[in-house]
file my_file.cif (mmCIF, C-alpha atoms)
data_data
loop_
_atom_site.label_atom_id
_atom_site.label_comp_id
_atom_site.auth_asym_id
_atom_site.auth_seq_id
_atom_site.Cartn_x
_atom_site.Cartn_y
_atom_site.Cartn_z
CA MET D 1 0.00 0.00 0.00
CA SER D 2 1.36 3.37 -0.93
CA GLU D 3 1.51 6.32 1.48
CA GLN D 4 -0.94 8.19 -0.72
CA GLU D 5 -3.47 5.35 -0.58
CA GLY D 6 -3.17 5.22 3.21
CA ASP D 7 -3.97 8.93 3.47
CA HIS D 8 -7.31 8.35 1.74
CA GLU D 9 -8.34 5.51 4.05
CA GLN D 10 -10.98 7.01 6.37
CA VAL D 11 -12.75 3.96 7.85
CA PRO D 12 -11.77 0.37 8.62
CA PRO D 13 -12.49 -2.15 5.87
CA SER D 14 -15.59 -4.29 6.14
CA TRP D 15 -14.86 -7.82 7.31
CA SER D 16 -17.16 -10.81 7.31
CA ALA D 17 -16.68 -13.47 10.01
CA ASP D 18 -17.08 -16.25 7.46
CA GLU D 19 -14.61 -14.78 4.96
CA GLN D 20 -12.23 -17.50 3.91
CA LEU D 21 -8.52 -16.82 3.83
CA THR D 22 -6.57 -18.79 1.30
CA THR D 23 -3.32 -20.50 2.28
CA ASN D 24 -1.33 -18.87 -0.48
CA GLY D 25 0.61 -15.66 -0.27
CA THR D 26 -1.93 -13.61 -2.23
CA GLY D 27 -4.82 -14.31 0.13
CA ARG D 28 -2.77 -13.59 3.19
CA ALA D 29 -1.34 -10.41 1.71
CA VAL D 30 -4.84 -9.06 1.14
CA CYS D 31 -5.83 -10.01 4.68
CA VAL D 32 -2.81 -8.39 6.32
CA GLU D 33 -3.18 -5.24 4.24
CA SER D 34 -6.83 -4.92 5.22
CA LEU D 35 -6.34 -5.45 8.94
CA GLY D 36 -3.38 -3.09 8.82
CA LYS D 37 -5.61 -0.37 7.41
CA ALA D 38 -8.09 -0.90 10.24
CA LEU D 39 -5.39 -0.80 12.93
CA LYS D 40 -3.81 2.30 11.41
CA VAL D 41 -7.12 4.18 11.17
CA HIS D 42 -7.71 3.68 14.90
CA GLY D 43 -4.10 4.31 15.84
CA PHE D 44 -3.78 0.79 17.25
CA ARG D 45 -0.64 -1.35 17.37
CA LEU D 46 -0.24 -5.13 17.46
CA ALA D 47 2.19 -7.52 19.13
CA VAL D 48 2.34 -11.33 18.92
CA ALA D 49 3.51 -14.18 21.14
CA GLU D 50 4.07 -17.51 19.39
CA SER D 51 4.94 -21.02 20.45
CA CYS D 52 4.01 -23.80 18.00
CA THR D 53 3.89 -21.43 15.01
CA GLY D 54 7.51 -20.46 15.67
CA GLY D 55 7.30 -16.97 14.18
CA LEU D 56 5.08 -17.84 11.22
CA LEU D 57 2.46 -15.29 12.26
CA ALA D 58 5.06 -12.53 12.58
CA ALA D 59 6.58 -13.58 9.25
CA THR D 60 3.17 -13.43 7.60
CA LEU D 61 2.66 -9.92 8.91
CA THR D 62 6.12 -8.70 7.94
CA ASP D 63 5.77 -10.05 4.41
CA GLN D 64 3.69 -6.93 3.87
CA PRO D 65 5.68 -3.70 3.45
CA GLY D 66 4.98 -0.69 5.62
CA ILE D 67 3.65 -2.56 8.65
CA SER D 68 5.90 -0.66 11.07
CA ALA D 69 2.99 1.79 11.21
CA TRP D 70 0.99 -0.73 13.25
CA PHE D 71 3.08 -3.82 14.09
CA GLU D 72 5.21 -3.46 17.22
CA GLY D 73 6.93 -6.87 17.23
CA GLY D 74 6.68 -10.16 19.04
CA TRP D 75 8.14 -13.12 20.89
CA ILE D 76 8.83 -16.72 19.92
CA THR D 77 8.50 -18.41 23.30
CA TYR D 78 8.83 -22.06 22.40
CA SER D 79 9.96 -23.41 25.76
CA ASN D 80 8.11 -23.10 29.05
CA ARG D 81 11.12 -21.24 30.41
CA ALA D 82 10.86 -18.63 27.66
CA LYS D 83 7.13 -18.19 28.25
CA GLN D 84 7.81 -17.60 31.93
CA ARG D 85 10.88 -15.37 31.46
CA ASP D 86 9.76 -13.24 28.52
CA LEU D 87 5.99 -13.04 28.98
CA GLY D 88 5.53 -13.53 32.69
CA VAL D 89 3.53 -16.76 32.44
CA PRO D 90 3.25 -18.15 36.01
CA ALA D 91 5.41 -21.27 36.43
CA THR D 92 2.62 -23.05 38.28
CA LEU D 93 0.45 -23.13 35.15
CA PHE D 94 2.79 -25.51 33.36
CA THR D 95 2.31 -28.21 35.99
CA GLU D 96 -1.35 -27.45 36.61
CA VAL D 97 -2.71 -27.21 33.06
CA GLY D 98 0.25 -27.47 30.67
CA ALA D 99 1.70 -25.13 28.07
CA VAL D 100 -1.08 -25.94 25.59
CA SER D 101 -3.99 -24.49 27.54
CA GLU D 102 -6.37 -21.58 27.78
CA GLU D 103 -4.69 -20.32 30.92
CA VAL D 104 -1.18 -20.22 29.46
CA VAL D 105 -2.31 -18.60 26.21
CA THR D 106 -4.24 -15.99 28.18
CA ALA D 107 -1.08 -15.17 30.14
CA MET D 108 0.96 -15.08 26.91
CA ALA D 109 -1.43 -12.68 25.19
CA GLU D 110 -1.76 -10.37 28.17
CA GLY D 111 1.97 -10.52 28.82
CA ALA D 112 2.71 -9.48 25.23
CA LEU D 113 0.11 -6.71 25.39
CA THR D 114 1.58 -5.28 28.58
CA ARG D 115 5.25 -5.60 27.67
CA ALA D 116 4.83 -4.18 24.17
CA GLU D 117 2.48 -1.42 25.38
CA VAL D 118 0.08 -1.98 22.50
CA GLU D 119 -3.68 -2.15 22.05
CA TYR D 120 -3.84 -5.66 20.52
CA ALA D 121 -1.94 -8.89 21.03
CA ILE D 122 -2.27 -12.42 19.65
CA ALA D 123 -0.87 -15.56 21.30
CA ILE D 124 -0.65 -19.12 19.98
CA SER D 125 0.31 -22.41 21.65
CA GLY D 126 -0.44 -25.90 20.41
CA VAL D 127 0.60 -29.40 19.39
CA ALA D 128 1.64 -29.19 15.74
CA GLY D 129 2.90 -32.79 15.58
CA PRO D 130 3.77 -35.26 14.38
CA GLY D 131 4.46 -36.29 17.98
CA GLY D 132 3.68 -34.80 21.36
CA GLY D 133 -0.06 -35.36 21.37
CA SER D 134 -2.13 -37.00 24.09
CA GLU D 135 -5.71 -38.18 24.53
CA ALA D 136 -6.67 -34.84 26.07
CA LYS D 137 -4.57 -32.77 23.65
CA PRO D 138 -4.15 -34.69 20.39
CA VAL D 139 -1.95 -33.51 17.54
CA GLY D 140 -3.59 -30.50 15.91
CA THR D 141 -4.81 -29.00 19.19
CA VAL D 142 -4.09 -25.28 19.20
CA PHE D 143 -5.17 -22.55 21.60
CA ILE D 144 -5.28 -19.05 20.09
CA GLY D 145 -5.75 -15.96 22.22
CA TRP D 146 -6.54 -12.34 21.42
CA SER D 147 -6.19 -9.45 23.85
CA HIS D 148 -7.34 -5.87 23.47
CA GLN D 149 -6.70 -2.93 25.75
CA SER D 150 -9.20 -0.16 25.17
CA GLY D 151 -8.32 3.36 26.15
CA GLU D 152 -10.02 5.65 28.61
CA THR D 153 -12.72 7.83 27.08
CA PRO D 154 -11.63 11.45 26.44
CA ASP D 155 -13.97 12.77 29.14
CA GLY D 156 -12.75 10.20 31.66
CA SER D 157 -16.23 8.74 32.11
CA ARG D 158 -15.10 5.21 31.22
CA PRO D 159 -11.70 3.76 32.13
CA GLY D 160 -9.68 1.57 29.82
CA GLN D 161 -10.61 -2.09 29.81
CA LEU D 162 -8.68 -5.30 29.11
CA GLU D 163 -10.48 -7.94 27.06
CA THR D 164 -8.98 -11.37 26.37
CA PHE D 165 -10.57 -14.26 24.49
CA VAL D 166 -9.04 -17.70 23.95
CA ALA D 167 -10.44 -20.40 21.67
CA ARG D 168 -9.39 -24.02 21.16
CA PHE D 169 -9.11 -25.62 17.73
CA ARG D 170 -8.08 -28.98 16.38
CA PHE D 171 -6.65 -28.53 12.92
CA PRO D 172 -6.20 -31.44 10.52
CA GLY D 173 -3.11 -32.21 8.46
CA ASP D 174 0.61 -32.38 8.97
CA ARG D 175 2.81 -30.07 11.03
CA LEU D 176 2.92 -27.31 8.41
CA ALA D 177 -0.82 -27.48 7.77
CA VAL D 178 -1.58 -27.10 11.48
CA ARG D 179 0.72 -24.10 11.80
CA GLU D 180 -0.64 -22.44 8.66
CA ALA D 181 -4.23 -22.95 9.80
CA ALA D 182 -3.43 -21.45 13.20
CA VAL D 183 -2.04 -18.30 11.57
CA ASP D 184 -5.10 -17.92 9.34
CA VAL D 185 -7.51 -18.22 12.28
CA ALA D 186 -5.41 -15.81 14.35
CA LEU D 187 -5.79 -13.23 11.59
CA ARG D 188 -9.53 -13.87 11.23
CA GLY D 189 -10.12 -13.38 14.93
CA LEU D 190 -8.34 -10.04 14.92
CA CYS D 191 -10.14 -8.88 11.79
CA ALA D 192 -13.49 -9.82 13.30
CA HIS D 193 -12.89 -7.70 16.39
CA LEU D 194 -11.67 -4.75 14.36
CA ALA D 195 -14.93 -4.96 12.43
CA GLY D 196 -16.90 -4.66 15.67
CA GLU D 197 -17.73 -8.33 16.19
CA THR D 198 -17.75 -9.90 19.63
CA TRP D 199 -15.09 -12.38 20.65
CA ASP D 200 -17.03 -15.48 21.72
CA GLU D 201 -17.45 -19.16 20.90
CA ALA D 202 -20.13 -18.52 18.31
CA SER D 203 -17.76 -16.21 16.43
CA ALA D 204 -14.85 -18.64 16.76
CA ALA D 205 -16.97 -21.38 15.17
CA ASN D 206 -17.39 -19.10 12.15
CA TRP D 207 -13.66 -18.50 11.83
CA SER D 208 -12.91 -22.19 11.35
CA GLU D 209 -14.79 -25.48 11.23
CA SER D 210 -11.92 -26.82 13.36
CA PHE D 211 -13.17 -24.87 16.38
CA TRP D 212 -13.26 -27.18 19.39
CA PRO D 213 -15.52 -25.91 22.20
CA GLU D 214 -14.55 -26.89 25.72
CA ALA D 215 -17.72 -28.94 26.13
CA GLY D 216 -17.34 -30.87 22.90
CA LEU D 217 -15.24 -33.67 21.44
CA LYS D 218 -13.07 -33.27 18.36
CA LEU D 219 -12.23 -36.68 16.92
#
call {"tool": "encode", "arguments": {"input": "my_file.cif", "output": "structure tokens"}}
result
Amino acid sequence: MSEQEGDHEQVPPSWSADEQLTTNGTGRAVCVESLGKALKVHGFRLAVAESCTGGLLAATLTDQPGISAWFEGGWITYSNRAKQRDLGVPATLFTEVGAVSEEVVTAMAEGALTRAEVEYAIAISGVAGPGGGSEAKPVGTVFIGWSHQSGETPDGSRPGQLETFVARFRFPGDRLAVREAAVDVALRGLCAHLAGETWDEASAANWSESFWPEAGLKL
């Protein structure tokens, strides 16, 4: 996107929750450009915290030129030690619920949001395979979290508020397919919120048919 085009962008682009992102570079480029416009219009910045995707989300974002206007940076916290050291994830969570869990991804997202001092953060942790799965967390299980820190209203009548939503998915395919799918859903979830949609399980089910609600089974 050229600087001149950005100057003419007055409102965020319209996003549909069921819009399908392709797995090729073209589809992702369009997605990243569109969410970047929305972030830039609002003056928001984004940070990411990745485990199983190993930087693929950040790489997808930085494939697009000019994103320094809205992308702050991120962390690849692959080990539990890195999650604890760099993002402040409580050590007790790893023994209580494990690294692939709602609680850990919540801490990752909120840790990235706080440390980067941004308005949005995305966190990902999962079992990409081919090994490492269990009955409770089979290969393909991925937790994706989104955090948003809203600002105080200009008149001070409403303070800023932290909102974090984490959803569980079980993606099919090999290691690369799982990681690619996780990145696509991470982008969809952010785009949905920027378009004014609510972060909830009903929305997550629209982002991917691989959504795995806590009360359900994903065989």
call {"tool": "atom_distance", "arguments": {"input": "my_file.cif", "atom1": "atom CA of Glu209 of chain D", "atom2": "atom CA of Asp174 of chain D"}}
result
17.0 Å
call {"tool": "closest_atom_pairs", "arguments": {"input": "my_file.cif", "of": "segment 37-108 of chain D", "to": "segment 121-139 of chain D", "cutoff": "12 Å", "atoms": "only C-alpha atoms", "output": "Markdown table"}}
result
| residue | atom | partner | partner_atom | distance |
| --- | --- | --- | --- | --- |
| D:Leu39 | CA | D:Ala121 | CA | 12.0 |
| D:Phe44 | CA | D:Ala121 | CA | 10.6 |
| D:Arg45 | CA | D:Ala121 | CA | 8.5 |
| D:Leu46 | CA | D:Ala121 | CA | 5.5 |
| D:Ala47 | CA | D:Ala121 | CA | 4.7 |
| D:Val48 | CA | D:Ile122 | CA | 4.8 |
| D:Ala49 | CA | D:Ala123 | CA | 4.6 |
| D:Glu50 | CA | D:Ile124 | CA | 5.0 |
| D:Ser51 | CA | D:Ser125 | CA | 5.0 |
| D:Cys52 | CA | D:Ser125 | CA | 5.4 |
| D:Thr53 | CA | D:Ile124 | CA | 7.1 |
| D:Gly54 | CA | D:Ile124 | CA | 9.3 |
| D:Gly55 | CA | D:Ile124 | CA | 10.1 |
| D:Leu56 | CA | D:Ile124 | CA | 10.5 |
| D:Leu57 | CA | D:Ile124 | CA | 9.2 |
| D:Ala58 | CA | D:Ile122 | CA | 10.2 |
| D:Trp70 | CA | D:Ala121 | CA | 11.6 |
| D:Phe71 | CA | D:Ala121 | CA | 10.0 |
| D:Glu72 | CA | D:Ala121 | CA | 9.8 |
| D:Gly73 | CA | D:Ala121 | CA | 9.9 |
| D:Gly74 | CA | D:Ala121 | CA | 8.9 |
| D:Trp75 | CA | D:Ala123 | CA | 9.3 |
| D:Ile76 | CA | D:Ile124 | CA | 9.8 |
| D:Thr77 | CA | D:Ser125 | CA | 9.3 |
| D:Tyr78 | CA | D:Ser125 | CA | 8.6 |
| D:Ser79 | CA | D:Ser125 | CA | 10.5 |
| D:Asn80 | CA | D:Ser125 | CA | 10.8 |
| D:Lys83 | CA | D:Ser125 | CA | 10.4 |
| D:Leu87 | CA | D:Ala123 | CA | 10.6 |
| D:Val97 | CA | D:Ala136 | CA | 11.1 |
| D:Gly98 | CA | D:Lys137 | CA | 10.0 |
| D:Ala99 | CA | D:Ser125 | CA | 7.1 |
| D:Val100 | CA | D:Gly126 | CA | 5.2 |
| D:Ser101 | CA | D:Ser125 | CA | 7.6 |
| D:Glu102 | CA | D:Ser125 | CA | 9.1 |
| D:Glu103 | CA | D:Ser125 | CA | 10.7 |
| D:Val104 | CA | D:Ser125 | CA | 8.2 |
| D:Val105 | CA | D:Ala123 | CA | 6.0 |
| D:Thr106 | CA | D:Ala123 | CA | 7.7 |
| D:Ala107 | CA | D:Ala123 | CA | 8.9 |
| D:Met108 | CA | D:Ala123 | CA | 5.9 |
call {"tool": "resolve_selection", "arguments": {"input": "my_file.cif", "expression": "the PyMOL selection byres ((chain D and resi 199) around 10)", "output": "list in words"}}
result
Trp146, Ser147, Glu163, Thr164, Phe165, Val166, Ala167, Gly189, Leu190, Ala192, His193, Gly196, Glu197, Thr198, Asp200, Glu201, Ala202, Ser203 and Ala204 of chain D
call {"tool": "axis_aligned_box", "arguments": {"input": "my_file.cif", "around": "segment 77-87 of chain D", "padding_each_side": "6 Å", "output": "lines of an AutoDock Vina configuration file"}}
result
center_x = 8.6
center_y = -18.2
center_z = 27.2
size_x = 17.1
size_y = 22.4
size_z = 21.5
call {"tool": "atom_distance", "arguments": {"input": "my_file.cif", "atom1": "atom CA of Gly43 of chain D", "atom2": "atom CA of Thr60 of chain D"}}
result
20.9 Å
call {"tool": "atom_distance", "arguments": {"input": "my_file.cif", "atom1": "atom CA of Gln64 of chain D", "atom2": "atom CA of Gly27 of chain D"}}
result
11.9 Å
call {"tool": "closest_residue", "arguments": {"input": "my_file.cif", "among": "D:Glu96, D:Arg81, D:Ala205, D:Leu61", "to": "Cys31 of chain D", "atoms": "all atoms listed in the file"}}
result
D:Leu61
call {"tool": "closest_residue", "arguments": {"input": "my_file.cif", "among": "D:Ala116, D:Ala29, D:Ala182, D:Val41", "to": "Gln149 of chain D", "atoms": "all atoms listed in the file"}}
result
D:Ala116
call {"tool": "closest_residue", "arguments": {"input": "my_file.cif", "among": "D:Leu162, D:Trp207, D:Arg168, D:Trp212", "to": "Asp184 of chain D", "atoms": "only C-alpha atoms"}}
result
D:Trp207
call {"tool": "closest_residue", "arguments": {"input": "my_file.cif", "among": "D:Gly140, D:Gly66, D:Pro90, D:Gly151", "to": "Leu176 of chain D", "atoms": "only C-alpha atoms"}}
result
D:Gly140
call {"tool": "residues_around", "arguments": {"input": "my_file.cif", "residues": "Phe169 of chain D", "least_positions_apart": "2", "cutoff": "7 Å", "atoms": "only C-alpha atoms", "output": "VMD selection string"}}
result
chain D and resid 141 to 143 167 171 210 to 212
